[in-house]
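Peer 1: Input: one structure, supplied below.
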Amino acid sequence: MIAIAMLSLAGLPPLPGFIAKFLIFRNVLAAGYTLYAVFGLVASYLGIYFYLRVIQYMFMSAEQPAAASGRRGAMRWSRACCASPPRC
């Protein structure tokens, strides 16, 4: 479900995000703001790239084993921060 939502935010057809972006860009071009439409398209392409990287990381990468001591180290650090007196 998150992949579909991200692809919709990217504006890929046939998802609802495409229709919204299409209507916005059509109205921007009709108003004569071509430069803003170009900036918007470049930003959309960058968004597509980063959304697809997240989707690739979620579904197409090998699962990494969790480090056994990483959680304990974080817990020690947070306890030390909470237990120390505030410094003014």
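Ordering of the structure tokens sets the chain letters (A, B, ...), residue numbers begin anew at 1 in every chain, and ligands are numbered from 1 in the order given.
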Which of stretch 4-83 of chain A counts as alpha helix (DSSP H) under DSSP, as a ChimeraX atom specification please?

Peer 2: /A:4-10,16-30,34-60,70-83

Peer 1: List the neighbours of A:Pro16 out to 12 Å using only C-alpha atoms; skip same-chain residues closer than 5 positions along the sequence, and give me the result as a PyMOL selection string.

Peer 2: chain A and resi 4-11+21-23

Peer 1: What gap, in Å, lies between atom CA of A:Val42 and atom CA of A:Ile2?

Peer 2: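 Value for the atom CA of A:Val42-atom CA of A:Ile2 distance: 23.4 Å.
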